[in-house]
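Trainee: Pasting final30.txt below, which is compact mmCIF, C-alpha atoms and all ligand atoms.
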# COMPACT_ATOMS: atom_id res chain seq x y z
CA MET A 1 4.86 26.78 -9.24
CA LYS A 2 8.18 27.92 -7.86
CA THR A 3 10.99 25.41 -7.21
CA VAL A 4 13.55 26.27 -4.53
CA THR A 5 16.49 24.32 -3.16
CA THR A 6 17.46 26.23 -0.02
CA ILE A 7 15.94 26.44 3.45
CA ALA A 8 16.34 30.24 3.33
CA ALA A 9 14.20 30.45 0.16
CA VAL A 10 11.42 28.34 1.75
CA ARG A 11 11.45 30.54 4.85
CA ALA A 12 11.24 33.70 2.71
CA TRP A 13 8.23 32.22 0.84
CA ARG A 14 6.56 31.11 4.07
CA HIS A 15 7.01 34.45 5.77
CA ALA A 16 5.53 36.23 2.76
CA HIS A 17 2.31 34.19 3.19
CA GLU A 18 0.47 34.36 6.50
CA SER A 19 -2.29 32.04 5.29
CA ALA A 20 -2.57 28.32 6.06
CA VAL A 21 -0.12 26.11 4.19
CA GLY A 22 -0.61 22.42 3.39
CA LEU A 23 2.63 20.43 3.02
CA VAL A 24 3.03 17.20 1.04
CA PRO A 25 6.41 15.62 1.87
CA THR A 26 7.62 13.23 -0.87
CA MET A 27 10.68 11.42 -2.12
CA GLY A 28 9.69 12.15 -5.71
CA TYR A 29 8.96 9.90 -8.68
CA LEU A 30 5.38 10.87 -8.12
CA HIS A 31 2.29 8.85 -8.96
CA ALA A 32 -1.47 9.35 -8.65
CA GLY A 33 -1.25 8.71 -4.89
CA HIS A 34 0.98 11.78 -4.40
CA VAL A 35 -1.21 13.80 -6.76
CA SER A 36 -4.26 12.96 -4.63
CA LEU A 37 -2.42 14.30 -1.54
CA VAL A 38 -1.59 17.58 -3.31
CA GLU A 39 -5.17 17.91 -4.57
CA ARG A 40 -6.52 17.38 -1.06
CA ALA A 41 -4.03 19.89 0.38
CA ARG A 42 -5.16 22.32 -2.34
CA ARG A 43 -8.81 21.94 -1.29
CA GLU A 44 -8.04 22.46 2.39
CA ASN A 45 -5.40 25.25 2.33
CA PRO A 46 -4.95 28.52 0.44
CA ARG A 47 -1.26 27.63 -0.20
CA VAL A 48 0.35 24.26 -0.93
CA ALA A 49 4.00 23.29 -0.65
CA ALA A 50 5.59 19.94 -1.51
CA SER A 51 9.03 18.65 -0.72
CA LEU A 52 11.05 16.29 -2.87
CA PHE A 53 13.97 14.76 -1.01
CA VAL A 54 15.26 11.20 -1.17
CA ASN A 55 16.19 11.11 2.49
CA PRO A 56 19.35 9.04 3.01
CA THR A 57 18.86 8.66 6.77
CA GLN A 58 15.77 6.47 6.29
CA PHE A 59 17.53 3.94 4.04
CA GLY A 60 19.49 0.99 5.46
CA PRO A 61 22.94 0.09 4.07
CA ASN A 62 21.52 -2.68 1.83
CA GLU A 63 18.46 -0.77 0.67
CA ASP A 64 17.66 0.98 -2.61
CA LEU A 65 18.92 4.55 -1.94
CA ALA A 66 21.27 4.61 -4.98
CA ARG A 67 18.72 3.18 -7.38
CA TYR A 68 15.68 5.03 -6.00
CA PRO A 69 13.90 6.35 -9.14
CA ARG A 70 14.17 10.08 -9.85
CA ASP A 71 12.64 12.41 -12.46
CA LEU A 72 12.53 16.01 -11.29
CA ALA A 73 11.10 17.50 -14.51
CA ARG A 74 8.18 15.06 -14.56
CA ASP A 75 7.54 15.59 -10.84
CA GLN A 76 7.49 19.38 -11.33
CA GLU A 77 4.88 19.04 -14.08
CA LEU A 78 2.66 16.77 -11.99
CA LEU A 79 2.89 19.01 -8.93
CA ALA A 80 2.16 22.19 -10.85
CA ALA A 81 -0.85 20.57 -12.56
CA ALA A 82 -2.17 19.40 -9.17
CA GLY A 83 -2.04 22.96 -7.80
CA CYS A 84 1.21 23.04 -5.82
CA ASP A 85 2.59 26.55 -5.23
CA LEU A 86 6.08 25.78 -3.95
CA LEU A 87 8.40 22.80 -4.42
CA PHE A 88 11.30 22.44 -2.02
CA ALA A 89 13.90 20.12 -3.57
CA PRO A 90 17.01 20.41 -1.40
CA SER A 91 20.38 18.64 -1.70
CA VAL A 92 21.57 16.22 0.95
CA GLU A 93 24.11 18.86 2.08
CA GLU A 94 21.35 21.44 2.52
CA MET A 95 19.32 19.08 4.73
CA TYR A 96 22.20 17.43 6.60
CA PRO A 97 25.18 19.75 6.85
CA GLU A 98 28.21 18.06 8.34
CA ALA A 99 27.50 19.24 11.86
CA SER A 100 24.11 17.42 12.11
CA GLN A 101 24.15 15.27 15.24
CA VAL A 102 20.58 15.26 16.54
CA PHE A 103 18.03 12.67 15.43
CA VAL A 104 14.49 11.94 16.60
CA ASP A 105 13.92 8.64 18.42
CA PRO A 106 10.28 7.77 17.65
CA GLY A 107 10.00 5.23 20.50
CA PRO A 108 8.21 1.86 20.72
CA ILE A 109 5.69 2.46 17.91
CA ALA A 110 8.63 2.36 15.49
CA ALA A 111 9.93 -1.00 16.76
CA PRO A 112 7.70 -3.70 15.15
CA LEU A 113 6.80 -4.38 11.48
CA GLU A 114 8.72 -2.05 9.14
CA GLY A 115 10.84 -0.81 12.04
CA GLY A 116 11.83 -4.40 12.92
CA ARG A 117 12.89 -5.16 9.31
CA ARG A 118 14.42 -1.76 8.61
CA PRO A 119 16.37 -0.70 11.74
CA GLY A 120 16.73 3.09 11.93
CA HIS A 121 14.17 3.68 9.16
CA PHE A 122 11.66 5.56 11.30
CA ARG A 123 14.40 7.49 13.11
CA GLY A 124 15.29 8.85 9.67
CA VAL A 125 11.67 9.48 8.71
CA ALA A 126 10.81 11.19 12.01
CA THR A 127 13.92 13.36 11.79
CA VAL A 128 13.41 14.54 8.22
CA VAL A 129 9.68 15.13 8.71
CA LEU A 130 10.32 17.19 11.84
CA LYS A 131 12.98 19.16 9.96
CA LEU A 132 10.55 19.79 7.09
CA PHE A 133 7.94 20.98 9.58
CA GLY A 134 10.51 23.38 11.08
CA ILE A 135 11.49 24.67 7.63
CA VAL A 136 8.05 25.02 5.98
CA GLU A 137 5.97 25.67 9.14
CA PRO A 138 2.90 24.08 7.53
CA THR A 139 -0.57 24.27 9.04
CA ARG A 140 -1.33 20.72 7.90
CA ALA A 141 0.74 17.91 6.40
CA TYR A 142 -0.58 15.12 4.18
CA PHE A 143 0.56 11.48 4.21
CA GLY A 144 -0.74 8.34 2.50
CA GLU A 145 -2.35 5.58 4.55
CA LYS A 146 -0.40 3.00 2.53
CA ASP A 147 2.52 3.69 4.88
CA ALA A 148 0.36 3.01 7.93
CA GLN A 149 3.22 2.69 10.41
CA GLN A 150 4.88 5.85 9.08
CA LEU A 151 1.62 7.71 9.61
CA ALA A 152 1.32 6.31 13.15
CA VAL A 153 4.93 7.29 13.93
CA ILE A 154 4.44 10.84 12.62
CA ARG A 155 1.19 11.27 14.58
CA ARG A 156 3.01 10.11 17.70
CA VAL A 157 6.01 12.43 17.16
CA VAL A 158 3.69 15.40 16.64
CA ARG A 159 1.66 14.50 19.71
CA ASP A 160 4.56 13.80 22.06
CA LEU A 161 6.69 16.77 20.94
CA ASP A 162 3.77 19.26 20.75
CA VAL A 163 4.39 20.08 17.11
CA PRO A 164 1.65 22.46 15.91
CA VAL A 165 0.95 20.72 12.59
CA GLY A 166 -2.30 18.90 11.73
CA ILE A 167 -1.57 15.43 10.32
CA VAL A 168 -3.96 14.32 7.59
CA GLY A 169 -3.99 10.66 6.53
CA CYS A 170 -5.25 10.07 2.98
CA PRO A 171 -6.62 6.85 1.44
CA THR A 172 -4.31 4.54 -0.51
CA GLN A 173 -4.65 4.94 -4.28
CA ARG A 174 -4.77 1.66 -6.20
CA ALA A 175 -4.36 0.42 -9.76
CA GLU A 176 -7.46 -1.22 -11.26
CA ASP A 177 -6.21 -4.66 -10.21
CA GLY A 178 -5.88 -3.52 -6.60
CA LEU A 179 -2.11 -2.98 -6.40
CA ALA A 180 -1.37 -0.02 -4.12
CA LEU A 181 0.42 2.74 -6.06
CA SER A 182 4.07 3.09 -5.06
CA SER A 183 7.19 4.54 -6.67
CA ARG A 184 8.79 1.11 -6.08
CA ASN A 185 6.27 -0.59 -8.41
CA THR A 186 8.51 0.63 -11.26
CA TYR A 187 11.16 -1.91 -10.16
CA LEU A 188 8.83 -4.84 -10.94
CA SER A 189 9.32 -6.93 -14.08
CA PRO A 190 6.13 -7.50 -16.12
CA THR A 191 5.61 -10.95 -14.55
CA GLN A 192 6.22 -9.60 -11.04
CA ARG A 193 3.84 -6.72 -11.73
CA ALA A 194 1.18 -9.23 -12.82
CA ALA A 195 1.70 -11.17 -9.56
CA ALA A 196 1.84 -8.15 -7.23
CA PRO A 197 -1.95 -7.69 -6.69
CA VAL A 198 -1.65 -10.78 -4.48
CA LEU A 199 -1.05 -8.37 -1.57
CA HIS A 200 -4.47 -6.84 -2.12
CA ARG A 201 -6.08 -10.28 -2.46
CA ALA A 202 -4.39 -11.51 0.72
CA LEU A 203 -5.64 -8.49 2.66
CA GLY A 204 -9.07 -9.21 1.15
CA ALA A 205 -8.90 -12.78 2.49
CA GLY A 206 -8.10 -11.43 5.97
CA ALA A 207 -10.99 -8.97 5.69
CA ALA A 208 -13.35 -11.75 4.53
CA ALA A 209 -12.40 -13.88 7.55
CA TRP A 210 -13.03 -10.86 9.78
CA ALA A 211 -16.42 -10.26 8.13
CA GLY A 212 -17.23 -13.92 8.86
CA GLY A 213 -16.63 -13.28 12.57
CA GLU A 214 -12.97 -14.35 12.90
CA ARG A 215 -11.24 -12.36 15.66
CA ARG A 216 -8.17 -14.52 16.41
CA GLY A 217 -4.94 -12.89 15.27
CA ASP A 218 -3.28 -16.15 14.18
CA ALA A 219 -6.30 -17.11 12.04
CA LEU A 220 -6.34 -13.68 10.36
CA ARG A 221 -2.59 -13.93 9.66
CA ARG A 222 -3.05 -17.51 8.35
CA ALA A 223 -5.85 -16.42 5.98
CA MET A 224 -3.51 -13.84 4.42
CA LEU A 225 -0.49 -16.17 4.28
CA ASP A 226 -2.51 -18.90 2.55
CA VAL A 227 -3.15 -16.53 -0.35
CA LEU A 228 0.47 -15.32 -0.51
CA ASP A 229 1.79 -18.90 -0.40
CA ARG A 230 -0.14 -19.72 -3.59
CA GLU A 231 1.77 -17.04 -5.57
CA PRO A 232 5.21 -18.48 -6.51
CA LEU A 233 6.78 -15.04 -7.23
CA ALA A 234 5.81 -13.65 -3.81
CA ARG A 235 7.89 -14.14 -0.66
CA ALA A 236 6.27 -12.82 2.51
CA ASP A 237 8.61 -10.79 4.73
CA TYR A 238 5.94 -10.37 7.39
CA VAL A 239 2.19 -10.65 7.74
CA SER A 240 0.58 -8.86 10.65
CA ALA A 241 -2.74 -8.46 12.44
CA ALA A 242 -2.03 -5.75 14.99
CA ASP A 243 -3.61 -3.23 17.31
CA PRO A 244 -3.68 -0.03 15.18
CA ALA A 245 -2.81 2.13 18.20
CA THR A 246 0.29 0.22 19.37
CA LEU A 247 1.07 -1.94 16.30
CA GLN A 248 1.53 -4.93 18.63
CA GLU A 249 0.28 -8.26 17.27
CA ILE A 250 -3.12 -9.26 18.67
CA ASP A 251 -4.15 -12.66 20.04
CA ALA A 252 -7.88 -11.93 19.94
CA ALA A 253 -9.29 -8.62 18.71
CA ALA A 254 -11.48 -6.59 21.04
CA GLY A 255 -11.46 -3.51 18.77
CA PRO A 256 -10.13 -2.52 15.34
CA VAL A 257 -7.27 -4.43 13.74
CA LEU A 258 -4.67 -3.29 11.25
CA LEU A 259 -3.80 -5.99 8.73
CA SER A 260 -0.46 -5.31 7.08
CA MET A 261 2.25 -7.08 5.15
CA ALA A 262 5.56 -6.70 3.37
CA VAL A 263 6.20 -9.02 0.43
CA PHE A 264 9.26 -9.49 -1.77
CA PHE A 265 9.09 -9.96 -5.54
CA GLY A 266 12.72 -10.67 -6.31
CA LYS A 267 14.59 -7.79 -4.64
CA THR A 268 11.60 -5.46 -4.66
CA ARG A 269 9.73 -5.20 -1.40
CA LEU A 270 6.13 -3.97 -1.43
CA ILE A 271 3.91 -3.11 1.54
CA ASP A 272 0.17 -2.74 1.93
CA ASN A 273 -2.42 -2.71 4.71
CA ARG A 274 -6.12 -2.68 5.49
CA LEU A 275 -7.87 -1.42 8.61
CA LEU A 276 -10.65 -3.63 9.96
CA THR A 277 -13.28 -2.11 12.20
CA PRO A 278 -15.87 -4.00 14.27
O1 LIG B 301 6.70 8.53 2.52
C1 LIG B 301 7.71 9.10 2.05
O2 LIG B 301 7.83 9.36 0.84
C2 LIG B 301 8.84 9.48 2.97
O3 LIG B 301 9.02 8.53 3.96
C3 LIG B 301 8.72 10.89 3.57
C4 LIG B 301 7.49 11.01 4.46
C5 LIG B 301 8.65 11.91 2.45
C6 LIG B 301 9.94 11.21 4.44
O4 LIG B 301 11.12 11.13 3.70
Could you take the file, read its structure, and then write that structure out as structure tokens?

Mentor:
Amino acid sequence: MKTVTTIAAVRAWRHAHESAVGLVPTMGYLHAGHVSLVERARRENPRVAASLFVNPTQFGPNEDLARYPRDLARDQELLAAAGCDLLFAPSVEEMYPEASQVFVDPGPIAAPLEGGRRPGHFRGVATVVLKLFGIVEPTRAYFGEKDAQQLAVIRRVVRDLDVPVGIVGCPTQRAEDGLALSSRNTYLSPTQRAAAPVLHRALGAGAAAWAGGERRGDALRRAMLDVLDREPLARADYVSAADPATLQEIDAAAGPVLLSMAVFFGKTRLIDNRLLTP
């Protein structure tokens, strides 16, 4: 695997390979979830590129940009072993030279849930992902379903701006106890880590209510909150039962429903979701 840090080097690599390229955008500190994206990209494309960039424009002023975990050498090993051909690991200056003034407004789909709690987050995500698409010119790009709203935002950007990149959503990878894999899990103390599978259990309670015929949004949200409320280390930021197409909260479901939540353990905020289909 080759590691490059400049846009010019990525373009030179891309233009030397006419074949399909699968791109896995990441912020590094990789785990088995990222590895599964690279492996899938490897199966579906003759060439695979990954990016590693902790994108400052998607972090709010009080978020964890400075302490976001980093380990380039370990990430390089994992990517190479998973079959990645090219790693693009640019500096902030390379991605956002001083003159940068244009940002992507992802519209109403970015307003609720994560977008409501993290103003400007999806503007930063949409902008950097569109830039990466312009730099790498991938055929397909791979994103985890754990970040369900991010995936919905990216699909919408690509659709509305006619970006010729196939967006592939990949299943959330979980630890044995059900906790969704995330780079942020490393912030958890041992007791918080032991408590964190409560997100998975709460989503399970929502899914069980749904399986029992419950279709009212408030009852689905209540079923999840009841489980979270019983875990003293967990503090729910939001709990949602929403239309997966618009991400607006539902009163009574007529079609599929996306259950999602953000939960604090101390200062660490974890998210998870589960799609319910009739
Ligand atoms: O999901 C992430 O790691 C990031 O939001 C992404 C898509 C790499 C953009 O910075």

Trainee: Would you compute the distance between CA of Pro256 in chain A and CA of Ala242 in chain A? Give it in Å to one decimal.

Mentor: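 Pair CA of Pro256 in chain A / CA of Ala242 in chain A returns 8.7 Å.
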
Trainee: Quick one: residues within 10 Å of Thr127 in chain A, only C-alpha atoms counted, chain neighbours fewer than 4 positions away excluded, as a list in words?

Mentor: Asn55, Thr57, Gln58, Val102, Phe103, Val104, Asp105, Pro106, Phe122, Arg123, Lys131, Leu132, Phe133, Ile154 and Val157 of chain A

Trainee: Let me make sure I understand: among A:His17, A:Arg184, A:Arg159, A:Arg11, which one has the smallest atom-to-atom distance to ligand LIG 301 (chain B) if we use all atoms listed in the file?

Mentor: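 Among the listed residues, A:Arg184 lies closest to ligand LIG 301 (chain B).
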
Trainee: For a quick check of understanding, using all atoms listed in the file, which of A:Gly212, A:Pro119, A:Pro197, A:Gly107 has the smallest distance to Asn185 in chain A?

Mentor: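 Comparing A:Gly212, A:Pro119, A:Pro197, A:Gly107 against Asn185 in chain A, the winner is A:Pro197.
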
Trainee: Using 12 Å as the limit and counting all atoms listed in the file, can you tabulate each residue of range 106-133 of chain A that touches range 267-275 of chain A, with its shortest atom-to-atom distance in Å and the two atoms involved, as a tab-separated table?

Mentor:
residue	atom	partner	partner_atom	distance
A:Leu113	CA	A:Ile271	CA	10.4
A:Glu114	CA	A:Ile271	CA	9.1
A:Arg117	CA	A:Arg269	CA	11.2
A:Arg118	CA	A:Arg269	CA	11.6

Trainee: Which of these, A:Asp85, A:Glu176, A:Asp75, A:Glu137, has the shortest distance to Val163 in chain A once you count all atoms listed in the file?

Mentor: A:Glu137

Trainee: For the interface of chain A with ligand LIG 301 (chain B) (cut-off 6 Å, counting all atoms listed in the file), please tabulate each contacting residue of chain A alongside its nearest pair of atoms and their separation in Å to one decimal, rows sorted by chain and increasing number, as a Markdown table.

Mentor:
| residue | atom | partner | partner_atom | distance |
| --- | --- | --- | --- | --- |
| A:Pro25 | CA | B:LIG301 | C5 | 4.4 |
| A:Thr26 | CA | B:LIG301 | C5 | 3.7 |
| A:Met27 | CA | B:LIG301 | O2 | 4.6 |
| A:Asn55 | CA | B:LIG301 | O4 | 5.2 |
| A:Val125 | CA | B:LIG301 | C6 | 4.9 |
| A:Val129 | CA | B:LIG301 | C6 | 5.8 |

Trainee: Give me a file of those residues, with C-alpha atoms, as a compact mmCIF listing (two decimals), in the coordinates of the input.

Mentor:
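That gives us again.txt:
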# COMPACT_ATOMS: atom_id res chain seq x y z
CA PRO A 25 6.41 15.62 1.87
CA THR A 26 7.62 13.23 -0.87
CA MET A 27 10.68 11.42 -2.12
CA ASN A 55 16.19 11.11 2.49
CA VAL A 125 11.67 9.48 8.71
CA VAL A 129 9.68 15.13 8.71

Trainee: Would you kindly return, as a count of residues only, each protein, DNA or RNA residue with an atom no farther than 9 Å from any atom of range 226-240 of chain A, considering all atoms listed in the file and excluding same-chain residues fewer than 3 positions away?

Mentor: 33

Trainee: Go through A:Leu181, A:Ala32, A:Arg155, A:Asp64 one by one, measure the shortest atom-to-atom distance of each to Ala126 in chain A using only C-alpha atoms, and give the residue with the smallest value.

Mentor: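 Residue with the minimum atom-to-atom distance to Ala126 in chain A: A:Arg155.
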
Trainee: Tell me, as an mmCIF file with C-alpha atoms, in the frame of the given file, which residues lie within 10 Å of Asp71 in chain A, counting all atoms listed in the file; anything in the same chain fewer than 2 positions away does not count.

Mentor:
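File produced: result_16.cif:
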data_model
loop_
_atom_site.group_PDB
_atom_site.id
_atom_site.type_symbol
_atom_site.label_atom_id
_atom_site.label_comp_id
_atom_site.auth_asym_id
_atom_site.auth_seq_id
_atom_site.Cartn_x
_atom_site.Cartn_y
_atom_site.Cartn_z
ATOM 1 C CA GLY A 28 9.690 12.150 -5.710
ATOM 2 C CA TYR A 29 8.960 9.900 -8.680
ATOM 3 C CA LEU A 30 5.380 10.870 -8.120
ATOM 4 C CA PRO A 69 13.900 6.350 -9.140
ATOM 5 C CA ALA A 73 11.100 17.500 -14.510
ATOM 6 C CA ARG A 74 8.180 15.060 -14.560
ATOM 7 C CA ASP A 75 7.540 15.590 -10.840
ATOM 8 C CA GLN A 76 7.490 19.380 -11.330
#

Trainee: I need range 83-165 of chain A from the structure I supplied, saved as a PDB file, in the first residue's frame with C-alpha atoms retained.

Mentor:
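Written output follows (selection30.pdb):
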ATOM      1  CA  GLY A  83      -6.245  -4.955   0.804  1.00  0.00           C
ATOM      2  CA  CYS A  84      -6.118  -1.165   0.453  1.00  0.00           C
ATOM      3  CA  ASP A  85      -3.924   0.064  -2.427  1.00  0.00           C
ATOM      4  CA  LEU A  86      -3.677   3.769  -1.649  1.00  0.00           C
ATOM      5  CA  LEU A  87      -3.993   5.756   1.574  1.00  0.00           C
ATOM      6  CA  PHE A  88      -4.560   9.486   1.281  1.00  0.00           C
ATOM      7  CA  ALA A  89      -3.623  11.127   4.600  1.00  0.00           C
ATOM      8  CA  PRO A  90      -3.570  14.883   3.947  1.00  0.00           C
ATOM      9  CA  SER A  91      -2.842  17.766   6.330  1.00  0.00           C
ATOM     10  CA  VAL A  92      -5.517  20.301   7.218  1.00  0.00           C
ATOM     11  CA  GLU A  93      -3.671  22.865   5.042  1.00  0.00           C
ATOM     12  CA  GLU A  94      -3.761  20.507   2.058  1.00  0.00           C
ATOM     13  CA  MET A  95      -7.536  20.031   2.380  1.00  0.00           C
ATOM     14  CA  TYR A  96      -8.468  23.573   3.428  1.00  0.00           C
ATOM     15  CA  PRO A  97      -5.994  26.096   2.069  1.00  0.00           C
ATOM     16  CA  GLU A  98      -6.622  29.580   3.382  1.00  0.00           C
ATOM     17  CA  ALA A  99      -8.709  30.636   0.422  1.00  0.00           C
ATOM     18  CA  SER A 100     -11.427  27.970   1.008  1.00  0.00           C
ATOM     19  CA  GLN A 101     -14.798  29.724   1.149  1.00  0.00           C
ATOM     20  CA  VAL A 102     -17.305  27.293  -0.337  1.00  0.00           C
ATOM     21  CA  PHE A 103     -19.143  24.735   1.787  1.00  0.00           C
ATOM     22  CA  VAL A 104     -21.950  22.310   0.963  1.00  0.00           C
ATOM     23  CA  ASP A 105     -25.333  22.972   2.601  1.00  0.00           C
ATOM     24  CA  PRO A 106     -26.924  19.510   2.880  1.00  0.00           C
ATOM     25  CA  GLY A 107     -30.458  20.880   3.419  1.00  0.00           C
ATOM     26  CA  PRO A 108     -33.313  19.694   5.666  1.00  0.00           C
ATOM     27  CA  ILE A 109     -32.158  16.073   6.051  1.00  0.00           C
ATOM     28  CA  ALA A 110     -29.216  17.407   8.069  1.00  0.00           C
ATOM     29  CA  ALA A 111     -31.407  19.416  10.479  1.00  0.00           C
ATOM     30  CA  PRO A 112     -32.815  16.891  13.018  1.00  0.00           C
ATOM     31  CA  LEU A 113     -31.069  14.329  15.283  1.00  0.00           C
ATOM     32  CA  GLU A 114     -27.267  14.646  15.021  1.00  0.00           C
ATOM     33  CA  GLY A 115     -27.624  17.829  12.987  1.00  0.00           C
ATOM     34  CA  GLY A 116     -29.806  19.394  15.707  1.00  0.00           C
ATOM     35  CA  ARG A 117     -27.270  18.564  18.454  1.00  0.00           C
ATOM     36  CA  ARG A 118     -24.172  19.287  16.369  1.00  0.00           C
ATOM     37  CA  PRO A 119     -24.866  22.448  14.322  1.00  0.00           C
ATOM     38  CA  GLY A 120     -22.701  22.578  11.186  1.00  0.00           C
ATOM     39  CA  HIS A 121     -21.598  18.937  11.553  1.00  0.00           C
ATOM     40  CA  PHE A 122     -23.145  17.698   8.319  1.00  0.00           C
ATOM     41  CA  ARG A 123     -22.081  20.821   6.420  1.00  0.00           C
ATOM     42  CA  GLY A 124     -18.528  19.772   7.295  1.00  0.00           C
ATOM     43  CA  VAL A 125     -19.138  16.118   6.451  1.00  0.00           C
ATOM     44  CA  ALA A 126     -20.845  16.897   3.125  1.00  0.00           C
ATOM     45  CA  THR A 127     -18.070  19.316   2.166  1.00  0.00           C
ATOM     46  CA  VAL A 128     -15.164  17.005   2.940  1.00  0.00           C
ATOM     47  CA  VAL A 129     -16.841  13.979   1.339  1.00  0.00           C
ATOM     48  CA  LEU A 130     -17.563  15.947  -1.837  1.00  0.00           C
ATOM     49  CA  LYS A 131     -13.955  17.156  -1.870  1.00  0.00           C
ATOM     50  CA  LEU A 132     -12.701  13.578  -1.447  1.00  0.00           C
ATOM     51  CA  PHE A 133     -14.929  12.480  -4.322  1.00  0.00           C
ATOM     52  CA  GLY A 134     -13.461  15.265  -6.487  1.00  0.00           C
ATOM     53  CA  ILE A 135      -9.902  14.302  -5.531  1.00  0.00           C
ATOM     54  CA  VAL A 136     -10.108  10.478  -5.745  1.00  0.00           C
ATOM     55  CA  GLU A 137     -12.862  10.206  -8.403  1.00  0.00           C
ATOM     56  CA  PRO A 138     -14.023   6.872  -6.960  1.00  0.00           C
ATOM     57  CA  THR A 139     -16.522   4.619  -8.698  1.00  0.00           C
ATOM     58  CA  ARG A 140     -18.074   3.655  -5.361  1.00  0.00           C
ATOM     59  CA  ALA A 141     -17.687   4.904  -1.797  1.00  0.00           C
ATOM     60  CA  TYR A 142     -18.313   2.861   1.352  1.00  0.00           C
ATOM     61  CA  PHE A 143     -19.877   4.136   4.593  1.00  0.00           C
ATOM     62  CA  GLY A 144     -21.050   2.397   7.763  1.00  0.00           C
ATOM     63  CA  GLU A 145     -24.747   2.226   8.593  1.00  0.00           C
ATOM     64  CA  LYS A 146     -23.928   3.096  12.214  1.00  0.00           C
ATOM     65  CA  ASP A 147     -23.857   6.740  11.094  1.00  0.00           C
ATOM     66  CA  ALA A 148     -27.318   6.448   9.572  1.00  0.00           C
ATOM     67  CA  GLN A 149     -27.940  10.177   9.204  1.00  0.00           C
ATOM     68  CA  GLN A 150     -24.489  10.718   7.681  1.00  0.00           C
ATOM     69  CA  LEU A 151     -25.270   8.024   5.122  1.00  0.00           C
ATOM     70  CA  ALA A 152     -28.655   9.637   4.365  1.00  0.00           C
ATOM     71  CA  VAL A 153     -27.009  13.070   3.981  1.00  0.00           C
ATOM     72  CA  ILE A 154     -24.330  11.725   1.631  1.00  0.00           C
ATOM     73  CA  ARG A 155     -26.900   9.866  -0.483  1.00  0.00           C
ATOM     74  CA  ARG A 156     -28.899  13.082  -0.736  1.00  0.00           C
ATOM     75  CA  VAL A 157     -25.873  15.230  -1.683  1.00  0.00           C
ATOM     76  CA  VAL A 158     -24.873  12.749  -4.384  1.00  0.00           C
ATOM     77  CA  ARG A 159     -28.423  12.596  -5.712  1.00  0.00           C
ATOM     78  CA  ASP A 160     -29.142  16.319  -5.687  1.00  0.00           C
ATOM     79  CA  LEU A 161     -25.734  17.378  -7.062  1.00  0.00           C
ATOM     80  CA  ASP A 162     -25.512  14.584  -9.679  1.00  0.00           C
ATOM     81  CA  VAL A 163     -22.244  13.238  -8.311  1.00  0.00           C
ATOM     82  CA  PRO A 164     -21.301  10.095 -10.280  1.00  0.00           C
ATOM     83  CA  VAL A 165     -20.301   7.962  -7.276  1.00  0.00           C
TER      84      VAL A 165
END
